[in-house]
file target-v9.cif (mmCIF, C-alpha atoms and all ligand atoms)
data_protein
loop_
_atom_site.label_atom_id
_atom_site.label_comp_id
_atom_site.auth_asym_id
_atom_site.auth_seq_id
_atom_site.Cartn_x
_atom_site.Cartn_y
_atom_site.Cartn_z
CA MET A 72 0.00 0.00 0.00
CA LYS A 73 1.88 3.05 -1.25
CA VAL A 74 0.78 6.60 -0.38
CA ARG A 75 1.31 8.86 -3.39
CA LYS A 76 -1.20 11.68 -2.89
CA ALA A 77 -1.86 14.27 -0.22
CA VAL A 78 -4.78 16.56 0.56
CA ILE A 79 -4.34 19.87 2.38
CA PRO A 80 -7.64 21.31 3.58
CA ALA A 81 -7.20 25.08 3.63
CA ALA A 82 -10.71 26.42 3.15
CA GLY A 83 -11.49 27.42 6.74
CA LEU A 84 -12.46 30.99 7.54
CA GLY A 85 -9.62 31.58 9.99
CA THR A 86 -11.79 33.46 12.46
CA ARG A 87 -9.22 33.10 15.26
CA MET A 88 -6.74 35.20 13.29
CA LEU A 89 -8.99 38.12 12.34
CA PRO A 90 -8.71 40.86 11.21
CA ALA A 91 -5.58 39.80 9.22
CA THR A 92 -7.36 36.80 7.71
CA LYS A 93 -10.24 38.87 6.34
CA THR A 94 -8.34 39.16 3.04
CA VAL A 95 -5.09 37.22 3.55
CA PRO A 96 -5.59 33.44 3.86
CA LYS A 97 -4.13 32.30 7.19
CA GLU A 98 -2.16 29.66 5.26
CA MET A 99 -0.39 32.54 3.46
CA LEU A 100 0.66 34.43 6.59
CA PRO A 101 4.47 34.40 6.63
CA LEU A 102 6.42 32.45 9.23
CA VAL A 103 9.68 34.39 8.96
CA ASP A 104 10.12 34.45 5.15
CA LYS A 105 7.78 31.74 3.83
CA PRO A 106 4.02 31.31 3.96
CA ALA A 107 2.77 28.66 6.40
CA LEU A 108 1.42 26.55 3.54
CA GLN A 109 4.91 26.20 2.02
CA TYR A 110 6.20 24.44 5.15
CA ILE A 111 3.37 21.93 4.83
CA ILE A 112 3.95 21.31 1.13
CA GLU A 113 7.68 20.91 1.85
CA GLU A 114 6.87 18.29 4.51
CA ALA A 115 4.72 16.29 2.06
CA ALA A 116 7.34 16.59 -0.71
CA ALA A 117 10.11 15.48 1.68
CA ALA A 118 8.06 12.36 2.44
CA GLY A 119 8.01 11.50 -1.27
CA ILE A 120 4.51 12.75 -2.16
CA GLU A 121 4.29 14.19 -5.66
CA ASP A 122 0.59 15.04 -6.12
CA ILE A 123 -1.04 17.41 -3.68
CA LEU A 124 -4.61 18.71 -3.66
CA VAL A 125 -5.26 21.94 -1.78
CA VAL A 126 -8.89 22.45 -0.79
CA THR A 127 -9.47 26.16 -1.11
CA ASN A 128 -12.27 28.73 -1.41
CA ARG A 129 -13.14 31.92 -3.26
CA ALA A 130 -11.14 34.13 -0.91
CA LYS A 131 -7.87 32.19 -1.22
CA SER A 132 -6.58 32.59 -4.77
CA ALA A 133 -3.29 33.96 -3.37
CA MET A 134 -2.43 30.33 -2.64
CA ASP A 135 -2.47 29.13 -6.26
CA ASP A 136 -0.65 32.27 -7.45
CA TYR A 137 2.15 31.63 -4.97
CA PHE A 138 2.92 28.10 -6.17
CA ASP A 139 3.13 29.22 -9.81
CA TYR A 140 5.96 30.70 -11.90
CA TYR A 141 6.18 34.51 -12.08
CA PRO A 142 8.20 35.30 -15.26
CA GLU A 143 8.39 39.13 -14.86
CA LEU A 144 9.72 38.84 -11.32
CA GLU A 145 12.12 36.01 -12.21
CA THR A 146 13.56 37.96 -15.19
CA ARG A 147 14.11 40.98 -12.94
CA LEU A 148 15.87 38.87 -10.30
CA LEU A 149 18.02 37.20 -12.97
CA GLN A 150 19.07 40.60 -14.43
CA ALA A 151 19.87 41.91 -10.96
CA GLY A 152 22.03 38.84 -10.19
CA LYS A 153 19.80 37.97 -7.23
CA ASP A 154 20.41 34.24 -7.57
CA ARG A 155 19.35 33.22 -4.10
CA GLU A 156 15.99 35.03 -4.36
CA LEU A 157 15.47 33.60 -7.85
CA HIS A 158 16.10 30.10 -6.57
CA GLU A 159 13.68 30.59 -3.65
CA VAL A 160 10.92 31.94 -5.88
CA ARG A 161 11.26 29.06 -8.37
CA HIS A 162 11.67 26.40 -5.66
CA ALA A 163 8.20 27.07 -4.25
CA ALA A 164 6.63 26.45 -7.66
CA ASP A 165 8.58 23.24 -8.26
CA LEU A 166 7.93 21.44 -4.96
CA ALA A 167 5.15 19.16 -6.24
CA ASN A 168 2.26 18.87 -8.69
CA ILE A 169 -0.30 21.01 -6.92
CA PHE A 170 -4.00 20.79 -7.73
CA TYR A 171 -6.84 22.84 -6.32
CA VAL A 172 -10.51 22.24 -5.64
CA ARG A 173 -12.92 24.64 -4.03
CA GLN A 174 -15.05 23.87 -1.05
CA LYS A 175 -18.01 25.96 -2.16
CA GLU A 176 -19.55 26.13 1.31
CA THR A 177 -17.62 26.15 4.59
CA LYS A 178 -19.29 23.07 6.05
CA GLY A 179 -16.42 21.71 8.10
CA LEU A 180 -13.18 19.76 7.82
CA GLY A 181 -14.91 16.45 7.00
CA HIS A 182 -16.74 18.12 4.14
CA ALA A 183 -13.47 19.67 2.87
CA ILE A 184 -11.85 16.20 2.80
CA TRP A 185 -14.87 14.76 1.02
CA ARG A 186 -14.23 17.28 -1.80
CA ALA A 187 -11.01 15.34 -2.51
CA LYS A 188 -12.85 12.14 -3.44
CA ARG A 189 -12.34 12.38 -7.23
CA PHE A 190 -8.69 13.42 -6.88
CA VAL A 191 -7.91 10.55 -4.53
CA GLY A 192 -9.79 7.74 -6.26
CA ASP A 193 -9.34 4.31 -4.72
CA GLU A 194 -6.02 4.61 -2.90
CA PRO A 195 -4.76 5.63 0.54
CA PHE A 196 -3.88 9.30 0.89
CA ALA A 197 -2.21 11.67 3.30
CA VAL A 198 -3.97 14.62 4.96
CA LEU A 199 -2.03 17.59 6.34
CA LEU A 200 -4.05 20.35 8.00
CA GLY A 201 -3.30 23.77 6.54
CA ASP A 202 -2.56 25.46 9.85
CA ASP A 203 -0.62 22.74 11.70
CA ILE A 204 3.11 23.15 11.11
CA MET A 205 5.53 20.43 12.23
CA ARG A 206 9.23 20.56 13.07
CA SER A 207 10.84 17.11 13.13
CA ARG A 208 13.89 15.14 12.02
CA THR A 209 11.81 12.83 9.78
CA PRO A 210 8.74 14.40 8.11
CA VAL A 211 5.78 13.70 10.40
CA ILE A 212 3.61 12.61 7.50
CA GLY A 213 6.40 10.21 6.47
CA GLN A 214 6.32 8.65 9.98
CA LEU A 215 2.58 8.04 9.53
CA MET A 216 3.01 6.69 6.00
CA ALA A 217 5.55 4.13 7.23
CA ALA A 218 3.16 2.89 9.95
CA ALA A 219 0.16 2.85 7.60
CA GLU A 220 2.13 0.80 5.08
CA LYS A 221 3.48 -1.59 7.72
CA TYR A 222 0.06 -2.33 9.23
CA ASP A 223 -1.97 -1.88 6.01
CA ALA A 224 -4.11 0.56 7.97
CA SER A 225 -5.23 4.15 8.22
CA ALA A 226 -3.01 6.16 10.57
CA VAL A 227 -3.53 9.24 12.71
CA GLY A 228 -0.75 11.39 14.18
CA VAL A 229 -1.06 11.75 17.96
CA GLN A 230 0.77 13.18 20.93
CA GLN A 231 -0.01 13.28 24.63
CA VAL A 232 -1.52 16.56 25.80
CA PRO A 233 -2.15 17.55 29.43
CA LEU A 234 -5.37 15.91 30.66
CA SER A 235 -6.63 19.37 31.60
CA ALA A 236 -6.46 20.32 27.88
CA ILE A 237 -7.86 17.15 26.27
CA SER A 238 -11.37 18.67 26.08
CA LYS A 239 -10.05 20.87 23.23
CA TYR A 240 -8.91 17.85 21.17
CA CYS A 241 -10.02 14.41 20.00
CA SER A 242 -9.25 11.79 22.69
CA LEU A 243 -8.30 8.29 21.50
CA LYS A 244 -8.82 4.79 22.85
CA VAL A 245 -5.41 3.15 22.32
CA GLU A 246 -3.79 -0.29 22.71
CA PRO A 247 0.01 -0.51 22.27
CA LEU A 248 1.33 -2.36 19.21
CA GLU A 249 4.99 -1.33 19.38
CA GLU A 250 7.00 1.64 20.56
CA ARG A 251 5.15 4.83 19.53
CA ILE A 252 2.44 2.92 17.60
CA PHE A 253 -1.01 1.97 18.93
CA ARG A 254 -4.12 0.36 17.60
CA THR A 255 -7.10 2.68 17.96
CA THR A 256 -10.69 1.49 18.02
CA ASP A 257 -12.62 4.50 19.29
CA MET A 258 -12.30 8.24 19.75
CA VAL A 259 -14.29 11.18 21.00
CA GLU A 260 -14.08 14.78 19.79
CA LYS A 261 -13.86 17.48 22.48
CA PRO A 262 -14.70 15.05 25.30
CA ARG A 263 -16.41 15.91 28.58
CA PRO A 264 -14.35 14.61 31.57
CA GLU A 265 -16.36 11.34 31.83
CA GLN A 266 -15.85 10.65 28.09
CA VAL A 267 -12.03 10.86 27.99
CA PHE A 268 -10.37 7.66 26.65
CA SER A 269 -6.76 8.82 27.06
CA ASN A 270 -4.66 11.96 26.82
CA TYR A 271 -3.51 10.96 23.32
CA ALA A 272 -4.94 13.58 20.95
CA ILE A 273 -4.96 13.73 17.14
CA LEU A 274 -2.77 16.59 15.88
CA GLY A 275 -3.18 17.55 12.24
CA ARG A 276 -1.74 14.60 10.27
CA TYR A 277 -3.50 11.52 8.87
CA VAL A 278 -3.12 8.74 6.32
CA LEU A 279 -6.57 7.55 5.30
CA LYS A 280 -7.96 4.68 3.32
CA PRO A 281 -10.56 5.67 0.72
CA GLY A 282 -13.32 4.03 2.80
CA ILE A 283 -13.52 7.39 4.61
CA PHE A 284 -15.36 8.91 1.63
CA ASP A 285 -18.40 6.59 1.92
CA ILE A 286 -18.64 7.55 5.57
CA LEU A 287 -18.27 11.32 5.03
CA GLU A 288 -20.74 11.33 2.16
CA ASN A 289 -23.66 10.36 4.39
CA GLN A 290 -22.49 11.91 7.62
CA ALA A 291 -24.73 14.29 9.59
CA PRO A 292 -23.28 17.55 10.94
CA GLY A 293 -21.67 17.16 14.38
CA TYR A 294 -19.97 19.52 16.82
CA GLY A 295 -20.58 23.18 15.89
CA GLY A 296 -23.03 22.16 13.14
CA GLU A 297 -20.07 21.16 10.88
CA ILE A 298 -19.27 17.86 9.14
CA GLN A 299 -16.44 16.77 11.45
CA LEU A 300 -13.57 14.63 10.18
CA THR A 301 -13.19 13.04 13.60
CA ASP A 302 -16.79 11.74 13.53
CA GLY A 303 -15.91 10.03 10.24
CA LEU A 304 -12.65 8.67 11.70
CA GLY A 305 -14.57 7.31 14.71
CA GLU A 306 -16.66 5.26 12.30
CA LEU A 307 -13.69 4.29 10.09
CA CYS A 308 -11.70 2.87 13.03
CA LYS A 309 -14.65 0.58 13.86
CA ARG A 310 -14.96 -0.66 10.26
CA GLU A 311 -11.25 -0.95 9.35
CA ARG A 312 -7.85 -1.14 11.00
CA MET A 313 -6.47 2.19 12.22
CA VAL A 314 -3.22 2.91 14.02
CA ALA A 315 -2.20 5.96 16.04
CA VAL A 316 1.41 7.12 15.69
CA ASP A 317 2.95 9.05 18.58
CA PHE A 318 5.09 11.07 16.18
CA GLU A 319 8.51 12.55 16.87
CA GLY A 320 8.44 16.31 16.39
CA ARG A 321 6.98 19.59 17.61
CA ARG A 322 3.61 20.77 16.38
CA TYR A 323 2.62 24.43 16.08
CA ASP A 324 -1.04 25.39 15.74
CA THR A 325 -0.50 28.50 13.63
CA GLY A 326 -4.26 29.04 13.32
CA ASN A 327 -4.29 30.89 16.64
CA LEU A 328 -2.29 33.93 17.61
CA LYS A 329 -0.16 32.35 20.35
CA GLY A 330 0.77 29.30 18.25
CA PHE A 331 1.57 31.57 15.32
CA LEU A 332 3.89 33.70 17.48
CA GLU A 333 5.60 30.61 18.97
CA ALA A 334 6.35 29.33 15.48
CA THR A 335 7.53 32.77 14.35
CA ILE A 336 9.97 33.06 17.26
CA ASP A 337 11.29 29.47 17.04
CA PHE A 338 11.75 29.59 13.26
CA SER A 339 13.40 33.03 13.47
CA LEU A 340 15.83 31.70 16.06
CA GLU A 341 16.82 28.90 13.64
CA HIS A 342 17.03 31.14 10.58
CA PRO A 343 20.61 32.04 9.51
CA GLU A 344 19.72 35.67 8.80
CA THR A 345 17.82 36.36 12.01
CA GLY A 346 18.88 33.77 14.64
CA GLU A 347 21.81 35.54 16.32
CA TRP A 348 20.18 38.95 16.10
CA LEU A 349 16.91 37.69 17.65
CA LYS A 350 18.74 35.99 20.53
CA GLU A 351 20.36 39.31 21.48
CA PHE A 352 17.11 41.19 21.03
CA LEU A 353 15.19 38.72 23.25
CA LYS A 354 17.92 38.90 25.93
CA GLU A 355 17.60 42.69 26.00
CA LYS A 356 13.83 42.46 26.21
CA ALA A 357 13.92 39.81 28.94
CA ALA A 358 16.37 41.90 30.98
CA ALA A 359 14.03 44.87 30.79
CA LEU A 360 10.92 42.92 31.93
P1 LIG B 1 -9.78 24.98 11.80
O1 LIG B 1 -10.98 24.95 12.63
O2 LIG B 1 -8.45 25.00 12.48
O3 LIG B 1 -9.75 26.19 10.78
O4 LIG B 1 -9.84 23.79 10.77
P2 LIG B 1 -10.74 27.42 10.63
O5 LIG B 1 -12.15 26.96 10.54
O6 LIG B 1 -10.21 28.24 9.49
O7 LIG B 1 -10.40 28.15 11.99
P3 LIG B 1 -11.16 29.23 12.88
O8 LIG B 1 -11.67 28.42 14.03
O9 LIG B 1 -12.23 29.90 12.06
O10 LIG B 1 -10.08 30.19 13.27
C1 LIG B 1 -8.79 22.86 10.57
C2 LIG B 1 -8.40 22.81 9.11
O11 LIG B 1 -9.53 22.52 8.30
C3 LIG B 1 -9.70 23.47 7.28
C4 LIG B 1 -9.01 24.72 7.78
O12 LIG B 1 -8.56 25.51 6.69
C5 LIG B 1 -7.85 24.14 8.60
O13 LIG B 1 -6.74 23.83 7.79
N1 LIG B 1 -11.15 23.64 7.04
C6 LIG B 1 -11.99 23.86 8.10
C7 LIG B 1 -11.63 23.57 5.76
O14 LIG B 1 -10.87 23.38 4.78
N2 LIG B 1 -12.97 23.72 5.56
C8 LIG B 1 -13.84 23.93 6.58
O15 LIG B 1 -15.07 24.04 6.31
C9 LIG B 1 -13.34 24.00 7.88
#

call {"tool": "encode", "arguments": {"input": "target-v9.cif", "output": "structure tokens"}}
result
Amino acid sequence: MKVRKAVIPAAGLGTRMLPATKTVPKEMLPLVDKPALQYIIEEAAAAGIEDILVVTNRAKSAMDDYFDYYPELETRLLQAGKDRELHEVRHAADLANIFYVRQKETKGLGHAIWRAKRFVGDEPFAVLLGDDIMRSRTPVIGQLMAAAEKYDASAVGVQQVPLSAISKYCSLKVEPLEERIFRTTDMVEKPRPEQVFSNYAILGRYVLKPGIFDILENQAPGYGGEIQLTDGLGELCKRERMVAVDFEGRRYDTGNLKGFLEATIDFSLEHPETGEWLKEFLKEKAAAL
């Protein structure tokens, strides 16, 4: 079972990042010098995925423009001898074959995934949420792909979160299979205290078998009146084998202001042009607090 395709749902309204996201898609907000979406496409490409579908909407055409060539700009950079910038601009457009489909109504993440049915066809596929950015030695989606292939199963990326915070996530029922990999047979989205299965929560990465589409197609709206992906996954893990992978890496939820700022600071500290400068700047600031 080889995973060749990925879907990036990026059609949400981004209400937690307003007013910026009124006209700029949150996936296009820069983390240091690249839009958030580029980090996600780079992760998929690094895991060997060549075909990527971005689920978008009418307010997000900046995304398809960004991953295209821009001849006027490239000619100007070439003439000015700005080789590094030229390389960066081209690199973004050459990362993968990127396709787009619109989610015509914002009916939830499960509905956005369902829009990928024709693109995916009858094969397993990766899902990377458009506002969850990962930092890891091995691409997080690659860690899930390896487990999904080994167990011929769907796979969800999980990490432990504090029990006091699990009510914000999807809590999983897990049985250990091997180090960092569990079998999962049930889950509950945004659990009340008496519903919690464990403090393992799903965090933004999935490998799914195409059986998910039959489930999503007939699924009633759930939490918040939206078609929830986790309701569909809850059904899928009862019908078919699903594993949970406690992935190695740090996840940033860049869809909220604090997560976005954490990623901005961490990535700036690692960036060759800004790292040393930012360290000094932060020391000065900390000393003055
Ligand atoms: P989020 O809930 O994090 O995104 O959805 P949102 O709806 O944009 O956020 P807020 O709460 O209004 O700030 C998780 C992922 O699912 C996508 C989002 O773009 C994000 O990548 N999504 C969500 C869709 O593609 N379509 C939807 O209808 C809802």

call {"tool": "closest_atom_pairs", "arguments": {"input": "target-v9.cif", "of": "chain A", "to": "ligand LIG 1 (chain B)", "cutoff": "9 Å", "atoms": "all atoms listed in the file", "output": "CSV"}}
result
residue,atom,partner,partner_atom,distance
A:Ile79,CA,B:LIG1,O13,7.1
A:Pro80,CA,B:LIG1,O14,4.0
A:Ala81,CA,B:LIG1,O12,3.4
A:Ala82,CA,B:LIG1,O14,3.5
A:Gly83,CA,B:LIG1,O6,3.1
A:Leu84,CA,B:LIG1,O6,4.1
A:Gly85,CA,B:LIG1,O6,3.4
A:Thr86,CA,B:LIG1,O9,3.6
A:Arg87,CA,B:LIG1,O10,3.6
A:Met88,CA,B:LIG1,O10,6.0
A:Leu89,CA,B:LIG1,O10,8.1
A:Pro96,CA,B:LIG1,O12,8.9
A:Lys97,CA,B:LIG1,O6,7.7
A:Glu98,CA,B:LIG1,O12,7.8
A:Val125,CA,B:LIG1,O14,8.8
A:Val126,CA,B:LIG1,O14,6.0
A:Thr127,CA,B:LIG1,O14,6.7
A:Asn128,CA,B:LIG1,O14,8.3
A:Gln174,CA,B:LIG1,N2,6.9
A:Glu176,CA,B:LIG1,O15,7.0
A:Thr177,CA,B:LIG1,O15,3.7
A:Lys178,CA,B:LIG1,O15,4.3
A:Gly179,CA,B:LIG1,O15,3.2
A:Leu180,CA,B:LIG1,C9,4.2
A:Gly181,CA,B:LIG1,C8,7.6
A:His182,CA,B:LIG1,O15,6.5
A:Ala183,CA,B:LIG1,N2,4.9
A:Ile184,CA,B:LIG1,O14,7.5
A:Leu199,CA,B:LIG1,O13,8.0
A:Leu200,CA,B:LIG1,O13,4.4
A:Gly201,CA,B:LIG1,O13,3.7
A:Asp202,CA,B:LIG1,O13,4.9
A:Asp203,CA,B:LIG1,O13,7.3
A:Gly275,CA,B:LIG1,C1,7.9
A:Glu297,CA,B:LIG1,O15,7.4
A:Ile298,CA,B:LIG1,O15,8.0
A:Gln299,CA,B:LIG1,C9,8.6
A:Asp324,CA,B:LIG1,O2,8.1
A:Thr325,CA,B:LIG1,O2,8.8
A:Gly326,CA,B:LIG1,O2,5.9
A:Asn327,CA,B:LIG1,O10,6.7

call {"tool": "atom_distance", "arguments": {"input": "target-v9.cif", "atom1": "CA of Ile123 (chain A)", "atom2": "CA of Asn168 (chain A)"}}
result
6.2 Å

call {"tool": "atom_distance", "arguments": {"input": "target-v9.cif", "atom1": "CA of Lys354 (chain A)", "atom2": "CA of His342 (chain A)"}}
result
17.2 Å

call {"tool": "atom_distance", "arguments": {"input": "target-v9.cif", "atom1": "CA of Lys175 (chain A)", "atom2": "CA of Tyr277 (chain A)"}}
result
23.3 Å

call {"tool": "closest_residue", "arguments": {"input": "target-v9.cif", "among": "A:Thr345, A:Thr301, A:Gln214, A:Gln150", "to": "Ala272 (chain A)", "atoms": "only C-alpha atoms"}}
result
A:Thr301

call {"tool": "axis_aligned_box", "arguments": {"input": "target-v9.cif", "around": "region 293-306 of chain A", "padding_each_side": "5 Å", "output": "JSON"}}
result
{"center_x": -17.8, "center_y": 14.2, "center_z": 13.0, "size_x": 20.4, "size_y": 27.9, "size_z": 17.7}

call {"tool": "closest_residue", "arguments": {"input": "target-v9.cif", "among": "A:Val103, A:Leu304, A:Ile273, A:Met313", "to": "Asp285 (chain A)", "atoms": "only C-alpha atoms"}}
result
A:Leu304

call {"tool": "residues_around", "arguments": {"input": "target-v9.cif", "residues": "Thr94 (chain A)", "least_positions_apart": "4", "cutoff": "10 Å", "atoms": "all atoms listed in the file", "output": "PyMOL selection string"}}
result
chain A and resi 89-90+130-131+133

call {"tool": "build_atoms", "arguments": {"input": "target-v9.cif", "residues": "region 212-222 of chain A", "atoms": "all heavy atoms", "output": "PDB file, in the frame of the given file"}}
result
ATOM      1  N   ILE A 212       4.507  13.393   8.355  1.00  0.00           N
ATOM      2  CA  ILE A 212       3.610  12.610   7.500  1.00  0.00           C
ATOM      3  C   ILE A 212       4.318  11.339   7.006  1.00  0.00           C
ATOM      4  O   ILE A 212       3.673  10.298   6.828  1.00  0.00           O
ATOM      5  CB  ILE A 212       3.033  13.464   6.329  1.00  0.00           C
ATOM      6  CG1 ILE A 212       1.775  12.805   5.750  1.00  0.00           C
ATOM      7  CG2 ILE A 212       4.043  13.733   5.239  1.00  0.00           C
ATOM      8  CD1 ILE A 212       0.602  12.697   6.662  1.00  0.00           C
ATOM      9  N   GLY A 213       5.629  11.405   6.853  1.00  0.00           N
ATOM     10  CA  GLY A 213       6.400  10.210   6.470  1.00  0.00           C
ATOM     11  C   GLY A 213       6.365   9.156   7.584  1.00  0.00           C
ATOM     12  O   GLY A 213       6.302   7.956   7.315  1.00  0.00           O
ATOM     13  N   GLN A 214       6.409   9.594   8.849  1.00  0.00           N
ATOM     14  CA  GLN A 214       6.320   8.650   9.980  1.00  0.00           C
ATOM     15  C   GLN A 214       4.971   7.927   9.937  1.00  0.00           C
ATOM     16  O   GLN A 214       4.890   6.716  10.174  1.00  0.00           O
ATOM     17  CB  GLN A 214       6.474   9.404  11.307  1.00  0.00           C
ATOM     18  CG  GLN A 214       7.816  10.113  11.477  1.00  0.00           C
ATOM     19  CD  GLN A 214       7.886  10.925  12.776  1.00  0.00           C
ATOM     20  OE1 GLN A 214       7.435  10.499  13.833  1.00  0.00           O
ATOM     21  NE2 GLN A 214       8.466  12.117  12.692  1.00  0.00           N
ATOM     22  N   LEU A 215       3.916   8.669   9.602  1.00  0.00           N
ATOM     23  CA  LEU A 215       2.580   8.040   9.530  1.00  0.00           C
ATOM     24  C   LEU A 215       2.483   7.101   8.327  1.00  0.00           C
ATOM     25  O   LEU A 215       1.872   6.025   8.408  1.00  0.00           O
ATOM     26  CB  LEU A 215       1.492   9.113   9.401  1.00  0.00           C
ATOM     27  CG  LEU A 215       0.857   9.583  10.698  1.00  0.00           C
ATOM     28  CD1 LEU A 215       1.858  10.290  11.585  1.00  0.00           C
ATOM     29  CD2 LEU A 215      -0.321  10.500  10.420  1.00  0.00           C
ATOM     30  N   MET A 216       3.070   7.521   7.212  1.00  0.00           N
ATOM     31  CA  MET A 216       3.010   6.690   6.000  1.00  0.00           C
ATOM     32  C   MET A 216       3.689   5.338   6.251  1.00  0.00           C
ATOM     33  O   MET A 216       3.194   4.288   5.842  1.00  0.00           O
ATOM     34  CB  MET A 216       3.673   7.422   4.824  1.00  0.00           C
ATOM     35  CG  MET A 216       2.797   8.544   4.257  1.00  0.00           C
ATOM     36  SD  MET A 216       3.704   9.828   3.341  1.00  0.00           S
ATOM     37  CE  MET A 216       4.468   8.918   2.050  1.00  0.00           C
ATOM     38  N   ALA A 217       4.829   5.377   6.957  1.00  0.00           N
ATOM     39  CA  ALA A 217       5.550   4.130   7.230  1.00  0.00           C
ATOM     40  C   ALA A 217       4.683   3.186   8.069  1.00  0.00           C
ATOM     41  O   ALA A 217       4.596   1.980   7.798  1.00  0.00           O
ATOM     42  CB  ALA A 217       6.863   4.436   7.950  1.00  0.00           C
ATOM     43  N   ALA A 218       4.011   3.731   9.096  1.00  0.00           N
ATOM     44  CA  ALA A 218       3.160   2.890   9.950  1.00  0.00           C
ATOM     45  C   ALA A 218       1.948   2.379   9.188  1.00  0.00           C
ATOM     46  O   ALA A 218       1.564   1.214   9.318  1.00  0.00           O
ATOM     47  CB  ALA A 218       2.725   3.681  11.184  1.00  0.00           C
ATOM     48  N   ALA A 219       1.350   3.253   8.370  1.00  0.00           N
ATOM     49  CA  ALA A 219       0.160   2.850   7.600  1.00  0.00           C
ATOM     50  C   ALA A 219       0.521   1.725   6.640  1.00  0.00           C
ATOM     51  O   ALA A 219      -0.235   0.758   6.475  1.00  0.00           O
ATOM     52  CB  ALA A 219      -0.400   4.047   6.842  1.00  0.00           C
ATOM     53  N   GLU A 220       1.702   1.846   6.031  1.00  0.00           N
ATOM     54  CA  GLU A 220       2.130   0.800   5.080  1.00  0.00           C
ATOM     55  C   GLU A 220       2.433  -0.504   5.827  1.00  0.00           C
ATOM     56  O   GLU A 220       2.017  -1.577   5.409  1.00  0.00           O
ATOM     57  CB  GLU A 220       3.331   1.299   4.270  1.00  0.00           C
ATOM     58  CG  GLU A 220       2.894   2.305   3.197  1.00  0.00           C
ATOM     59  CD  GLU A 220       4.029   3.087   2.549  1.00  0.00           C
ATOM     60  OE1 GLU A 220       5.171   2.621   2.598  1.00  0.00           O
ATOM     61  OE2 GLU A 220       3.756   4.179   1.997  1.00  0.00           O
ATOM     62  N   LYS A 221       3.122  -0.387   6.956  1.00  0.00           N
ATOM     63  CA  LYS A 221       3.480  -1.590   7.720  1.00  0.00           C
ATOM     64  C   LYS A 221       2.249  -2.369   8.178  1.00  0.00           C
ATOM     65  O   LYS A 221       2.201  -3.593   8.108  1.00  0.00           O
ATOM     66  CB  LYS A 221       4.336  -1.182   8.925  1.00  0.00           C
ATOM     67  CG  LYS A 221       4.732  -2.334   9.804  1.00  0.00           C
ATOM     68  CD  LYS A 221       5.752  -1.910  10.851  1.00  0.00           C
ATOM     69  CE  LYS A 221       6.059  -3.086  11.776  1.00  0.00           C
ATOM     70  NZ  LYS A 221       6.943  -2.700  12.864  1.00  0.00           N
ATOM     71  N   TYR A 222       1.242  -1.647   8.664  1.00  0.00           N
ATOM     72  CA  TYR A 222       0.060  -2.330   9.230  1.00  0.00           C
ATOM     73  C   TYR A 222      -1.109  -2.401   8.240  1.00  0.00           C
ATOM     74  O   TYR A 222      -2.193  -2.841   8.607  1.00  0.00           O
ATOM     75  CB  TYR A 222      -0.389  -1.607  10.512  1.00  0.00           C
ATOM     76  CG  TYR A 222       0.578  -1.842  11.654  1.00  0.00           C
ATOM     77  CD1 TYR A 222       1.577  -0.922  11.949  1.00  0.00           C
ATOM     78  CD2 TYR A 222       0.513  -3.012  12.411  1.00  0.00           C
ATOM     79  CE1 TYR A 222       2.492  -1.152  12.985  1.00  0.00           C
ATOM     80  CE2 TYR A 222       1.406  -3.252  13.435  1.00  0.00           C
ATOM     81  CZ  TYR A 222       2.396  -2.325  13.717  1.00  0.00           C
ATOM     82  OH  TYR A 222       3.296  -2.565  14.741  1.00  0.00           O
TER      83      TYR A 222
END
